[in-house]
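Enquirer: So here's start_25.pdb (PDB, C-alpha atoms).
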```pdb
ATOM      1  CA  MET A   1      19.768  33.894  48.638
ATOM      2  CA  ARG A   2      17.934  32.854  45.459
ATOM      3  CA  ARG A   3      16.676  29.292  45.321
ATOM      4  CA  LYS A   4      17.820  27.296  42.325
ATOM      5  CA  ARG A   5      15.100  25.930  40.038
ATOM      6  CA  PRO A   6      14.996  22.120  40.195
ATOM      7  CA  PRO A   7      16.668  20.778  37.022
ATOM      8  CA  GLY A   8      13.657  18.622  36.201
ATOM      9  CA  LEU A   9      11.481  21.713  35.672
ATOM     10  CA  LEU A  10      13.867  23.401  33.252
ATOM     11  CA  TRP A  11      12.890  21.451  30.100
ATOM     12  CA  PRO A  12       9.097  22.080  30.309
ATOM     13  CA  VAL A  13       9.702  25.790  30.828
ATOM     14  CA  MET A  14      12.145  26.004  27.927
ATOM     15  CA  ALA A  15       9.826  23.978  25.688
ATOM     16  CA  GLY A  16       6.924  26.268  26.495
ATOM     17  CA  VAL A  17       8.949  29.375  25.707
ATOM     18  CA  LEU A  18      10.222  27.817  22.466
ATOM     19  CA  LEU A  19       6.717  26.896  21.270
ATOM     20  CA  ALA A  20       5.439  30.348  22.129
ATOM     21  CA  LEU A  21       8.201  31.941  20.072
ATOM     22  CA  LEU A  22       7.590  29.585  17.160
ATOM     23  CA  ALA A  23       3.876  30.334  17.263
ATOM     24  CA  LEU A  24       4.602  34.058  17.103
ATOM     25  CA  LEU A  25       6.923  33.547  14.151
ATOM     26  CA  TRP A  26       4.929  31.036  12.093
ATOM     27  CA  GLY A  27       1.434  31.043  13.475
ATOM     28  CA  SER A  28      -0.779  28.575  15.252
ATOM     29  CA  GLN A  29      -0.068  25.785  12.735
ATOM     30  CA  VAL A  30       3.210  25.114  14.553
ATOM     31  CA  LEU A  31       1.404  24.405  17.788
ATOM     32  CA  LYS A  32      -1.054  22.159  15.975
ATOM     33  CA  ALA A  33       1.801  20.216  14.366
ATOM     34  CA  PHE A  34       3.518  19.712  17.726
ATOM     35  CA  ASP A  35       0.227  18.626  19.227
ATOM     36  CA  TYR A  36      -0.344  16.129  16.397
ATOM     37  CA  PHE A  37       3.171  14.646  16.451
ATOM     38  CA  PRO A  38       4.681  15.371  19.887
ATOM     39  CA  PRO A  39       8.364  14.479  19.431
ATOM     40  CA  TRP A  40       8.938  13.581  23.061
ATOM     41  CA  LYS A  41       6.036  11.144  23.299
ATOM     42  CA  GLU A  42       7.152   7.523  23.189
ATOM     43  CA  GLN A  43       5.247   5.577  20.553
ATOM     44  CA  GLN A  44       3.536   2.446  21.802
ATOM     45  CA  GLN A  45       3.421  -0.829  19.903
ATOM     46  CA  MET A  46       0.544  -0.655  17.425
ATOM     47  CA  TYR A  47       0.234  -4.228  16.071
ATOM     48  CA  LYS A  48       0.795  -7.776  17.179
ATOM     49  CA  LEU A  49       1.220 -10.922  15.094
ATOM     50  CA  ASP A  50      -1.756 -13.283  14.918
ATOM     51  CA  ILE A  51       0.170 -16.534  15.289
ATOM     52  CA  GLY A  52      -2.972 -18.575  14.520
ATOM     53  CA  TRP A  53      -3.399 -17.195  10.983
ATOM     54  CA  PRO A  54      -3.643 -19.135   8.782
ATOM     55  CA  LYS A  55      -4.664 -22.334  10.499
ATOM     56  CA  ILE A  56      -2.653 -24.496   8.069
ATOM     57  CA  PRO A  57       0.316 -22.607   6.538
ATOM     58  CA  GLU A  58       1.148 -25.591   4.315
ATOM     59  CA  TYR A  59      -1.413 -24.334   1.798
ATOM     60  CA  PHE A  60       1.202 -21.769   0.782
ATOM     61  CA  THR A  61       3.054 -23.759  -1.873
ATOM     62  CA  GLY A  62       4.646 -20.958  -3.930
ATOM     63  CA  GLN A  63       6.015 -17.447  -3.552
ATOM     64  CA  THR A  64       3.300 -15.264  -2.029
ATOM     65  CA  PHE A  65       3.482 -11.943  -3.884
ATOM     66  CA  CYS A  66       0.204 -10.232  -3.011
ATOM     67  CA  VAL A  67      -2.819 -10.253  -0.726
ATOM     68  CA  ALA A  68      -6.258  -8.605  -0.833
ATOM     69  CA  VAL A  69      -8.976  -8.432   1.798
ATOM     70  CA  ASP A  70     -12.707  -8.623   1.118
ATOM     71  CA  SER A  71     -13.833  -6.915   4.316
ATOM     72  CA  LEU A  72     -17.522  -7.226   3.419
ATOM     73  CA  HIS A  73     -17.504 -11.018   3.170
ATOM     74  CA  GLY A  74     -14.620 -11.812   5.513
ATOM     75  CA  LEU A  75     -12.353 -13.281   2.809
ATOM     76  CA  VAL A  76      -8.625 -13.012   2.152
ATOM     77  CA  TYR A  77      -7.207 -13.624  -1.345
ATOM     78  CA  VAL A  78      -3.545 -14.545  -1.795
ATOM     79  CA  GLY A  79      -1.673 -14.504  -5.114
ATOM     80  CA  GLN A  80       1.292 -16.854  -5.378
ATOM     81  CA  ARG A  81       3.719 -17.924  -8.072
ATOM     82  CA  GLY A  82       5.393 -21.183  -8.941
ATOM     83  CA  ASP A  83       5.187 -24.204 -11.191
ATOM     84  CA  ASN A  84       2.165 -26.452 -10.716
ATOM     85  CA  VAL A  85       0.715 -24.437  -7.840
ATOM     86  CA  PRO A  86      -2.694 -22.771  -7.567
ATOM     87  CA  LYS A  87      -2.162 -19.086  -8.289
ATOM     88  CA  VAL A  88      -4.967 -17.753  -6.062
ATOM     89  CA  LEU A  89      -5.742 -19.059  -2.574
ATOM     90  CA  VAL A  90      -8.827 -17.969  -0.633
ATOM     91  CA  PHE A  91      -8.975 -17.997   3.166
ATOM     92  CA  SER A  92     -11.491 -16.863   5.740
ATOM     93  CA  GLU A  93     -10.508 -13.961   7.963
ATOM     94  CA  GLU A  94     -10.236 -16.523  10.771
ATOM     95  CA  GLY A  95      -7.539 -18.335   8.800
ATOM     96  CA  TYR A  96      -9.366 -21.342   7.373
ATOM     97  CA  PHE A  97      -8.481 -22.357   3.814
ATOM     98  CA  LEU A  98     -11.598 -22.287   1.627
ATOM     99  CA  TYR A  99     -10.651 -22.898  -2.015
ATOM    100  CA  SER A 100      -8.198 -22.003  -4.784
ATOM    101  CA  TRP A 101      -8.218 -21.240  -8.504
ATOM    102  CA  ASN A 102      -5.768 -21.013 -11.348
ATOM    103  CA  ASN A 103      -7.695 -19.865 -14.425
ATOM    104  CA  THR A 104      -5.622 -17.758 -16.885
ATOM    105  CA  VAL A 105      -3.316 -16.436 -14.142
ATOM    106  CA  GLU A 106       0.364 -16.618 -15.043
ATOM    107  CA  MET A 107       2.454 -14.485 -12.650
ATOM    108  CA  PRO A 108       0.299 -12.493 -10.231
ATOM    109  CA  HIS A 109       1.921  -9.333  -8.897
ATOM    110  CA  GLY A 110      -0.878  -7.227  -7.399
ATOM    111  CA  ILE A 111      -4.400  -8.128  -6.305
ATOM    112  CA  PHE A 112      -7.432  -6.049  -5.293
ATOM    113  CA  VAL A 113     -11.019  -6.851  -4.233
ATOM    114  CA  LEU A 114     -13.873  -4.580  -5.327
ATOM    115  CA  ASN A 115     -17.276  -4.724  -3.671
ATOM    116  CA  THR A 116     -20.214  -2.875  -5.228
ATOM    117  CA  ALA A 117     -23.896  -2.757  -4.349
ATOM    118  CA  THR A 118     -24.587  -5.689  -6.678
ATOM    119  CA  ASP A 119     -21.507  -7.937  -6.745
ATOM    120  CA  SER A 120     -17.851  -8.546  -5.888
ATOM    121  CA  SER A 121     -14.834  -9.053  -8.112
ATOM    122  CA  VAL A 122     -11.105  -9.681  -7.857
ATOM    123  CA  TRP A 123      -8.612  -7.708  -9.943
ATOM    124  CA  ILE A 124      -5.131  -9.110 -10.634
ATOM    125  CA  THR A 125      -2.118  -7.590 -12.358
ATOM    126  CA  ASP A 126      -0.233 -10.282 -14.278
ATOM    127  CA  VAL A 127       3.443  -9.703 -15.120
ATOM    128  CA  GLY A 128       3.984 -13.007 -16.875
ATOM    129  CA  THR A 129       5.754 -13.163 -20.235
ATOM    130  CA  GLY A 130       3.541 -15.902 -21.675
ATOM    131  CA  LYS A 131       0.160 -15.772 -23.364
ATOM    132  CA  TYR A 132      -1.652 -14.350 -20.306
ATOM    133  CA  GLY A 133       0.956 -11.809 -19.223
ATOM    134  CA  HIS A 134       1.175  -7.994 -19.328
ATOM    135  CA  THR A 135      -2.489  -7.706 -18.414
ATOM    136  CA  VAL A 136      -4.864  -6.521 -15.723
ATOM    137  CA  LYS A 137      -7.724  -8.980 -15.247
ATOM    138  CA  GLN A 138     -11.024  -9.046 -13.428
ATOM    139  CA  TYR A 139     -12.362 -12.302 -11.968
ATOM    140  CA  SER A 140     -15.416 -13.419 -10.079
ATOM    141  CA  PRO A 141     -14.734 -14.512  -6.478
ATOM    142  CA  SER A 142     -14.716 -18.132  -7.685
ATOM    143  CA  GLY A 143     -12.148 -17.433 -10.411
ATOM    144  CA  LYS A 144     -14.247 -16.926 -13.544
ATOM    145  CA  LEU A 145     -12.497 -14.550 -15.950
ATOM    146  CA  MET A 146     -14.702 -11.488 -16.537
ATOM    147  CA  GLN A 147     -12.490  -8.813 -18.121
ATOM    148  CA  ILE A 148      -9.008  -8.427 -19.623
ATOM    149  CA  LEU A 149      -7.280  -5.050 -19.871
ATOM    150  CA  GLY A 150      -4.184  -4.928 -22.017
ATOM    151  CA  THR A 151      -3.051  -7.098 -24.896
ATOM    152  CA  PRO A 152      -2.369 -10.601 -23.527
ATOM    153  CA  GLY A 153       1.190 -11.705 -24.115
ATOM    154  CA  ASN A 154       2.285  -8.380 -25.637
ATOM    155  CA  ALA A 155       4.312  -5.803 -23.737
ATOM    156  CA  GLY A 156       3.803  -2.225 -24.855
ATOM    157  CA  SER A 157       3.111   1.373 -23.958
ATOM    158  CA  SER A 158       0.133   1.961 -26.245
ATOM    159  CA  LEU A 159      -3.264   3.171 -25.108
ATOM    160  CA  ILE A 160      -4.989   2.170 -28.364
ATOM    161  CA  PRO A 161      -4.868  -0.759 -28.144
ATOM    162  CA  LEU A 162      -4.259  -0.700 -24.412
ATOM    163  CA  GLN A 163      -0.918  -2.315 -23.616
ATOM    164  CA  PHE A 164       0.998  -2.723 -20.373
ATOM    165  CA  ASP A 165       4.504  -3.850 -19.568
ATOM    166  CA  GLN A 166       4.542  -5.704 -16.247
ATOM    167  CA  PRO A 167       1.701  -3.791 -14.532
ATOM    168  CA  ALA A 168       2.478  -3.763 -10.822
ATOM    169  CA  GLU A 169      -0.773  -3.010  -8.983
ATOM    170  CA  ILE A 170      -4.328  -1.711  -9.272
ATOM    171  CA  PHE A 171      -6.734   0.194  -7.039
ATOM    172  CA  VAL A 172     -10.427   0.390  -7.957
ATOM    173  CA  GLU A 173     -12.876   2.880  -6.482
ATOM    174  CA  GLU A 174     -16.532   2.066  -5.792
ATOM    175  CA  SER A 175     -17.405   4.187  -8.828
ATOM    176  CA  GLY A 176     -15.462   1.711 -10.972
ATOM    177  CA  ASP A 177     -12.647   4.138 -11.794
ATOM    178  CA  LEU A 178      -9.301   2.315 -11.918
ATOM    179  CA  TYR A 179      -5.784   3.431 -10.985
ATOM    180  CA  ILE A 180      -2.973   1.289 -12.400
ATOM    181  CA  VAL A 181       0.778   1.561 -11.826
ATOM    182  CA  ASP A 182       2.648   0.211 -14.837
ATOM    183  CA  GLY A 183       5.171  -1.304 -14.529
ATOM    184  CA  ASP A 184       7.323  -3.538 -12.427
ATOM    185  CA  GLY A 185      10.621  -3.134 -14.260
ATOM    186  CA  GLY A 186       9.399  -3.012 -17.858
ATOM    187  CA  MET A 187       9.550  -0.171 -20.372
ATOM    188  CA  ASN A 188       6.728   1.754 -18.691
ATOM    189  CA  ASN A 189       6.913   3.925 -15.588
ATOM    190  CA  ARG A 190       3.468   5.465 -15.442
ATOM    191  CA  LEU A 191       0.258   5.926 -13.483
ATOM    192  CA  LEU A 192      -3.034   5.607 -15.372
ATOM    193  CA  LYS A 193      -6.564   6.456 -14.389
ATOM    194  CA  LEU A 194      -9.261   4.674 -16.382
ATOM    195  CA  SER A 195     -13.026   5.163 -16.258
ATOM    196  CA  ASN A 196     -15.411   2.350 -15.392
ATOM    197  CA  ASP A 197     -15.751   1.663 -19.116
ATOM    198  CA  TYR A 198     -11.929   1.436 -19.383
ATOM    199  CA  LYS A 199     -11.294   4.717 -21.188
ATOM    200  CA  GLU A 200      -8.295   6.856 -20.283
ATOM    201  CA  ILE A 201      -9.089   9.762 -17.944
ATOM    202  CA  TRP A 202      -5.490  10.791 -17.404
ATOM    203  CA  LEU A 203      -1.991   9.397 -17.556
ATOM    204  CA  THR A 204       1.172  10.661 -15.907
ATOM    205  CA  GLY A 205       4.767   9.568 -15.558
ATOM    206  CA  THR A 206       7.863   8.644 -17.503
ATOM    207  CA  ASN A 207      11.109   6.979 -16.495
ATOM    208  CA  GLY A 208      13.204   9.317 -14.386
ATOM    209  CA  THR A 209      13.900  10.933 -11.041
ATOM    210  CA  GLY A 210      12.125  14.264 -11.502
ATOM    211  CA  ILE A 211       8.772  15.432 -10.189
ATOM    212  CA  GLY A 212       6.035  13.110 -11.455
ATOM    213  CA  GLN A 213       8.532  10.642 -12.937
ATOM    214  CA  PHE A 214       8.942   7.084 -11.694
ATOM    215  CA  LYS A 215      11.429   4.284 -11.334
ATOM    216  CA  ILE A 216       9.230   1.238 -10.786
ATOM    217  CA  PRO A 217       5.871   2.569  -9.564
ATOM    218  CA  HIS A 218       5.045  -0.444  -7.424
ATOM    219  CA  SER A 219       1.846   0.192  -5.466
ATOM    220  CA  VAL A 220      -1.090   2.608  -5.557
ATOM    221  CA  THR A 221      -3.939   3.622  -3.262
ATOM    222  CA  VAL A 222      -6.486   6.439  -2.919
ATOM    223  CA  ASP A 223      -7.529   8.331   0.218
ATOM    224  CA  PRO A 224     -10.940   9.907   1.009
ATOM    225  CA  PHE A 225      -9.550  13.389   0.297
ATOM    226  CA  GLY A 226      -9.055  12.929  -3.441
ATOM    227  CA  ARG A 227      -5.362  12.027  -3.394
ATOM    228  CA  VAL A 228      -3.613   9.160  -5.176
ATOM    229  CA  TRP A 229      -0.551   7.734  -3.390
ATOM    230  CA  VAL A 230       2.127   5.851  -5.343
ATOM    231  CA  ALA A 231       5.085   3.855  -4.014
ATOM    232  CA  ASP A 232       7.874   5.034  -6.340
ATOM    233  CA  ARG A 233      10.061   2.116  -5.365
ATOM    234  CA  ASP A 234      13.480   2.646  -6.918
ATOM    235  CA  ASN A 235      13.342   6.423  -6.439
ATOM    236  CA  LYS A 236      12.866   5.687  -2.722
ATOM    237  CA  ARG A 237       9.879   7.948  -2.312
ATOM    238  CA  ILE A 238       6.097   8.163  -2.252
ATOM    239  CA  GLN A 239       4.491  10.551  -4.727
ATOM    240  CA  VAL A 240       0.994  12.014  -4.395
ATOM    241  CA  PHE A 241      -1.372  13.143  -7.152
ATOM    242  CA  ASP A 242      -4.802  14.742  -7.460
ATOM    243  CA  LYS A 243      -7.263  12.007  -8.383
ATOM    244  CA  VAL A 244      -9.405  14.285 -10.562
ATOM    245  CA  THR A 245      -6.698  15.966 -12.628
ATOM    246  CA  GLY A 246      -3.574  13.840 -12.123
ATOM    247  CA  GLU A 247      -1.736  16.947 -10.915
ATOM    248  CA  TRP A 248       1.350  16.308  -8.770
ATOM    249  CA  LEU A 249       0.748  17.331  -5.148
ATOM    250  CA  GLY A 250       3.931  16.384  -3.349
ATOM    251  CA  SER A 251       6.318  13.600  -2.381
ATOM    252  CA  TRP A 252       7.964  11.974   0.620
ATOM    253  CA  ASN A 253      11.517  10.693   0.578
ATOM    254  CA  ASN A 254      12.890  11.407   4.049
ATOM    255  CA  CYS A 255      11.530   8.111   5.464
ATOM    256  CA  PHE A 256      13.157   5.896   2.835
ATOM    257  CA  SER A 257      16.921   6.380   3.071
ATOM    258  CA  GLU A 258      17.394   2.704   3.998
ATOM    259  CA  ASP A 259      15.007   1.163   1.464
ATOM    260  CA  GLY A 260      12.323   2.249  -0.963
ATOM    261  CA  PRO A 261       8.574   1.754  -0.400
ATOM    262  CA  TYR A 262       7.079  -1.415  -1.868
ATOM    263  CA  SER A 263       3.458  -0.933  -0.765
ATOM    264  CA  VAL A 264       1.027   1.831   0.147
ATOM    265  CA  ARG A 265      -2.169   1.065   2.058
ATOM    266  CA  PHE A 266      -4.147   3.142   4.529
ATOM    267  CA  THR A 267      -5.271   1.931   7.913
ATOM    268  CA  ALA A 268      -9.014   1.606   8.442
ATOM    269  CA  ASP A 269      -9.252   5.051  10.070
ATOM    270  CA  TYR A 270      -7.049   6.660   7.373
ATOM    271  CA  LYS A 271      -4.726   8.051  10.047
ATOM    272  CA  TYR A 272      -1.710   6.049   8.886
ATOM    273  CA  LEU A 273      -0.084   4.529   5.826
ATOM    274  CA  ILE A 274       1.338   1.005   5.996
ATOM    275  CA  VAL A 275       4.470   0.692   3.866
ATOM    276  CA  ALA A 276       6.434  -2.520   3.260
ATOM    277  CA  GLN A 277      10.218  -2.216   2.896
ATOM    278  CA  LEU A 278      11.313  -5.515   1.406
ATOM    279  CA  ASN A 279      15.107  -5.264   1.616
ATOM    280  CA  ILE A 280      15.189  -4.412   5.313
ATOM    281  CA  ASN A 281      12.279  -6.712   6.276
ATOM    282  CA  ARG A 282      10.233  -3.935   7.815
ATOM    283  CA  LEU A 283       6.773  -2.416   7.908
ATOM    284  CA  ALA A 284       6.808   1.355   8.321
ATOM    285  CA  ILE A 285       3.762   3.090   9.770
ATOM    286  CA  LEU A 286       3.571   6.669   8.553
ATOM    287  CA  ALA A 287       1.303   9.485   9.723
ATOM    288  CA  ALA A 288      -1.178  10.362   6.987
ATOM    289  CA  PRO A 289      -1.590  14.123   6.568
ATOM    290  CA  PRO A 290      -5.108  15.537   6.807
ATOM    291  CA  VAL A 291      -6.587  17.685   4.065
ATOM    292  CA  GLY A 292      -4.089  20.248   2.867
ATOM    293  CA  SER A 293      -0.345  20.173   2.431
ATOM    294  CA  ILE A 294       1.343  16.785   2.013
ATOM    295  CA  GLY A 295       4.214  18.010   4.212
ATOM    296  CA  ASP A 296       7.073  15.737   5.213
ATOM    297  CA  CYS A 297       6.977  12.056   6.014
ATOM    298  CA  VAL A 298       6.598  11.210   9.721
ATOM    299  CA  MET A 299       7.355   7.616  10.710
ATOM    300  CA  VAL A 300       5.433   6.921  13.910
ATOM    301  CA  HIS A 301       6.205   3.220  14.325
ATOM    302  CA  THR A 302       7.847   0.232  12.669
ATOM    303  CA  VAL A 303       7.285  -3.518  12.743
ATOM    304  CA  GLN A 304      10.549  -5.390  12.299
ATOM    305  CA  LEU A 305      10.092  -8.762  10.616
ATOM    306  CA  ALA A 306      12.440 -11.733  10.658
ATOM    307  CA  ASP A 307      15.482 -11.778   8.370
ATOM    308  CA  GLU A 308      14.794 -12.812   4.771
ATOM    309  CA  THR A 309      11.028 -12.426   5.233
ATOM    310  CA  LYS A 310      10.918  -9.918   2.336
ATOM    311  CA  PRO A 311       7.493  -8.245   2.688
ATOM    312  CA  HIS A 312       6.285  -7.393  -0.815
ATOM    313  CA  LEU A 313       2.723  -6.040  -0.731
ATOM    314  CA  VAL A 314       0.150  -5.565   2.022
ATOM    315  CA  ASP A 315      -3.570  -5.023   2.432
ATOM    316  CA  VAL A 316      -5.771  -3.844   5.290
ATOM    317  CA  ASP A 317      -9.112  -5.154   6.519
ATOM    318  CA  MET A 318     -11.111  -1.920   6.568
ATOM    319  CA  LYS A 319     -13.485  -3.348   9.195
ATOM    320  CA  SER A 320     -11.171  -4.913  11.768
ATOM    321  CA  GLY A 321      -8.032  -2.930  10.932
ATOM    322  CA  ALA A 322      -5.952  -6.099  10.546
ATOM    323  CA  VAL A 323      -2.917  -5.852   8.268
ATOM    324  CA  TYR A 324      -2.027  -8.771   5.973
ATOM    325  CA  VAL A 325       1.536  -8.984   4.654
ATOM    326  CA  ALA A 326       2.549 -11.028   1.588
ATOM    327  CA  GLU A 327       6.123 -12.198   2.131
ATOM    328  CA  ILE A 328       8.013 -13.578  -0.857
ATOM    329  CA  GLY A 329      11.036 -14.606   1.194
ATOM    330  CA  ALA A 330       9.147 -16.505   3.872
ATOM    331  CA  GLN A 331       6.607 -17.683   1.266
ATOM    332  CA  GLN A 332       3.657 -16.918   3.478
ATOM    333  CA  VAL A 333       1.093 -14.286   4.389
ATOM    334  CA  GLN A 334       1.040 -13.064   7.962
ATOM    335  CA  LYS A 335      -1.718 -11.220   9.785
ATOM    336  CA  TYR A 336      -1.093  -8.383  12.224
ATOM    337  CA  ILE A 337      -3.925  -7.167  14.407
ATOM    338  CA  PRO A 338      -4.140  -3.692  15.940
ATOM    339  CA  ILE A 339      -3.535  -3.301  19.641
ATOM    340  CA  SER A 340      -6.379  -1.215  20.990
TER     341      SER A 340
END
```
Once more with this new file: its structure as structure tokens, please.
Expert:
Amino acid sequence: MRRKRPPGLLWPVMAGVLLALLALLWGSQVLKAFDYFPPWKEQQQMYKLDIGWPKIPEYFTGQTFCVAVDSLHGLVYVGQRGDNVPKVLVFSEEGYFLYSWNNTVEMPHGIFVLNTATDSSVWITDVGTGKYGHTVKQYSPSGKLMQILGTPGNAGSSLIPLQFDQPAEIFVEESGDLYIVDGDGGMNNRLLKLSNDYKEIWLTGTNGTGIGQFKIPHSVTVDPFGRVWVADRDNKRIQVFDKVTGEWLGSWNNCFSEDGPYSVRFTADYKYLIVAQLNINRLAILAAPPVGSIGDCVMVHTVQLADETKPHLVDVDMKSGAVYVAEIGAQQVQKYIPIS
């Protein structure tokens, strides 16, 4: 009489046969993909809230729209909006309030810290409609205005003179090359790359739903493999471009059926993308593809925030791996630290 195979052994055997067949049909890449993202492996919690950051939350007196980390000097910059409030707050990475400034900032939307071999600077996109708005501005760490890109107070789509319409965010490489997504609901839906002397290198995007078109390009970042990642918010997708040519490389939309992406930032090891989803109060952690095909979006973990928190933009400390989340609903910035 034949002995029956224990039921618990059936699945591993079937899975092995299935993978072997798939490998024969499509090659070894299938096995590598299953090894990289094993679907049966339960994902562990990746981050925990640092309840002690900041030390005194009462310094947040407006709507906190953006946050940027200076990993080199251990500083965290927060952009907030409101009447009679300081527009930029500066904290230590431990959570102590250090100072604030308000010079020529109207309505901050995005913020970015650039460190070079000689100095540091803070870039802010300003979507205000007054005399300082529709601009991208560079400041010293203490708030001294150093550079204005765009025509202050004038919305436009021109490159000569350079004009923006509610520029949403900026990413600056160490070389000084700038990537700007323009804009946050204005007439423009475009991605620009400018040289370190502020000349156009390439420009892509118009309003629409097609390949390379945008509906509110809201956040931008660059990976070490020469790819530019854009949160195409109202199209509910992330689009990817070649940083040298501006050529479209691919897009992800299968992770965003519930809500579009508001932010794109890589973790310190560049293995994951951190994406804020404002309307469902969630952080999505997506697997970043290695060199090669963009492939499909793989959501490996989520961090569910409290109702009405409304996470808007995020930034990552590239030394510690901590994630800072600017929340316009809760009117605060929260810090999440990786669980090793």
Enquirer: Identify which of the residues A:Asn103, A:Asp184, A:Ile238, A:Thr245 lies closest to A:Gly295, counting only C-alpha atoms when measuring atom-to-atom distances.
Expert: A:Ile238
Enquirer: In Å to one decimal, how far is atom CA of A:Gly329 from atom CA of A:Val136?
Expert: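 Separation between atom CA of A:Val136 and atom CA of A:Gly329: 24.6 Å.
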Enquirer: Show me as an NGL selection string the residues that reach within 6 Å of (2.7, -17.8, -1.7), counting only C-alpha atoms and using the file's own coordinates.
Expert: :A and (60-64 or 80 or 331-332)
Enquirer: Rounded to one decimal place, report the atom CA of A:Gln166-atom CA of A:Gly186 distance in Å.
Expert: 5.8 Å
Enquirer: Which distance in Å separates atom CA of A:Thr221 and atom CA of A:Trp101, to one decimal?
Expert: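 Atom CA of A:Thr221 sits 25.8 Å away from atom CA of A:Trp101.
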Enquirer: Do you know which residues lie at most 6 Å from (17.3, -3.2, 1.4), with coordinates as in the file and all atoms listed in the file counted, and could you write them as a list of chain:residue names?
Expert: A:Asp259, A:Asn279, A:Ile280
Enquirer: Could you state which residues are captured by the PyMOL selection byres ((chain A and resi 230-232) around 9) in this file, as an NGL selection string?
Expert: :A and (181 or 191 or 213-222 or 228-229 or 233-241 or 260-264 or 275)
Enquirer: Skip A:Leu75 itself and residues of its chain fewer than 3 positions away, then list as a list in words all residues within 7 Å of it, counting all atoms listed in the file.
Expert: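 Everything that qualifies: Val69, Asp70, Ser71, Val90, Phe91, Ser92 and Glu93 of chain A.
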Enquirer: Kindly save the residues from that selection, with C-alpha atoms included, as a PDB file, keeping the file's coordinate frame.
Expert:
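Full text of again35.pdb as output:
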```
ATOM      1  CA  VAL A  69      -8.976  -8.432   1.798  1.00  0.00           C
ATOM      2  CA  ASP A  70     -12.707  -8.623   1.118  1.00  0.00           C
ATOM      3  CA  SER A  71     -13.833  -6.915   4.316  1.00  0.00           C
ATOM      4  CA  VAL A  90      -8.827 -17.969  -0.633  1.00  0.00           C
ATOM      5  CA  PHE A  91      -8.975 -17.997   3.166  1.00  0.00           C
ATOM      6  CA  SER A  92     -11.491 -16.863   5.740  1.00  0.00           C
ATOM      7  CA  GLU A  93     -10.508 -13.961   7.963  1.00  0.00           C
TER       8      GLU A  93
END
```
Enquirer: Between A:Glu173, A:Asp182, A:Gln277, A:Gly205, which residue has the minimum interatomic distance to A:Lys243, considering only C-alpha atoms?
Expert: A:Glu173
Enquirer: What do you get, as a list in words, if you spell out every residue that the PyMOL selection byres ((chain A and resi 193) around 9) selects here?
Expert: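 Evaluating the PyMOL selection byres ((chain A and resi 193) around 9) on this file yields Asp177, Leu178, Tyr179, Ile180, Leu191, Leu192, Leu194, Ser195, Tyr198, Lys199, Glu200, Ile201, Trp202, Leu203, Thr204, Lys243 and Gly246 of chain A.
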Enquirer: Please provide the set of residues having any atom within 9 Å of A:His301, restricted to all atoms listed in the file, with same-chain residues fewer than 5 positions apart removed, written as a PyMOL selection string.
Expert: chain A and resi 43-46+283-286
Enquirer: Can you tell me, as a list in words, what residues are no more than 10 Å from A:Lys319 when counting only C-alpha atoms, ignoring any on the same chain fewer than 5 positions away?
Expert: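 So, after excluding close chain neighbours, the residues are Asp70, Ser71, Leu72, Gly74, Thr267, Ala268 and Asp269 of chain A.
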Enquirer: Put those residues in a file: C-alpha atoms, as a short mmCIF file (atom, residue, chain, number, x, y, z; two decimals), keeping the file's coordinate frame.
Expert:
```cif
data_model
loop_
_atom_site.label_atom_id
_atom_site.label_comp_id
_atom_site.auth_asym_id
_atom_site.auth_seq_id
_atom_site.Cartn_x
_atom_site.Cartn_y
_atom_site.Cartn_z
CA ASP A 70 -12.71 -8.62 1.12
CA SER A 71 -13.83 -6.92 4.32
CA LEU A 72 -17.52 -7.23 3.42
CA GLY A 74 -14.62 -11.81 5.51
CA THR A 267 -5.27 1.93 7.91
CA ALA A 268 -9.01 1.61 8.44
CA ASP A 269 -9.25 5.05 10.07
#
```
Enquirer: Which polymer residues have any atom within 7 Å of an atom of stretch 113-118 of chain A, counting all atoms listed in the file, with same-chain residues fewer than 2 positions away left out, as a PyMOL selection string?
Expert: chain A and resi 68-70+120-123+172+174
Enquirer: If you apply the PyMOL selection byres ((chain A and resi 133) around 8) to this file, what residues do you get, as a PDB file with C-alpha atoms, keeping the file's coordinate frame?
Expert:
```pdb
ATOM      1  CA  GLU A 106       0.364 -16.618 -15.043  1.00  0.00           C
ATOM      2  CA  MET A 107       2.454 -14.485 -12.650  1.00  0.00           C
ATOM      3  CA  ASP A 126      -0.233 -10.282 -14.278  1.00  0.00           C
ATOM      4  CA  VAL A 127       3.443  -9.703 -15.120  1.00  0.00           C
ATOM      5  CA  GLY A 128       3.984 -13.007 -16.875  1.00  0.00           C
ATOM      6  CA  THR A 129       5.754 -13.163 -20.235  1.00  0.00           C
ATOM      7  CA  GLY A 130       3.541 -15.902 -21.675  1.00  0.00           C
ATOM      8  CA  LYS A 131       0.160 -15.772 -23.364  1.00  0.00           C
ATOM      9  CA  TYR A 132      -1.652 -14.350 -20.306  1.00  0.00           C
ATOM     10  CA  HIS A 134       1.175  -7.994 -19.328  1.00  0.00           C
ATOM     11  CA  THR A 135      -2.489  -7.706 -18.414  1.00  0.00           C
ATOM     12  CA  PRO A 152      -2.369 -10.601 -23.527  1.00  0.00           C
ATOM     13  CA  GLY A 153       1.190 -11.705 -24.115  1.00  0.00           C
ATOM     14  CA  ASN A 154       2.285  -8.380 -25.637  1.00  0.00           C
ATOM     15  CA  GLN A 166       4.542  -5.704 -16.247  1.00  0.00           C
TER      16      GLN A 166
END
```
Enquirer: A:Glu58, A:Glu327, A:Asp50, A:Asp296: which is nearest A:Gly79, counting all atoms listed in the file?
Expert: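 Residue with the minimum atom-to-atom distance to A:Gly79: A:Glu327.
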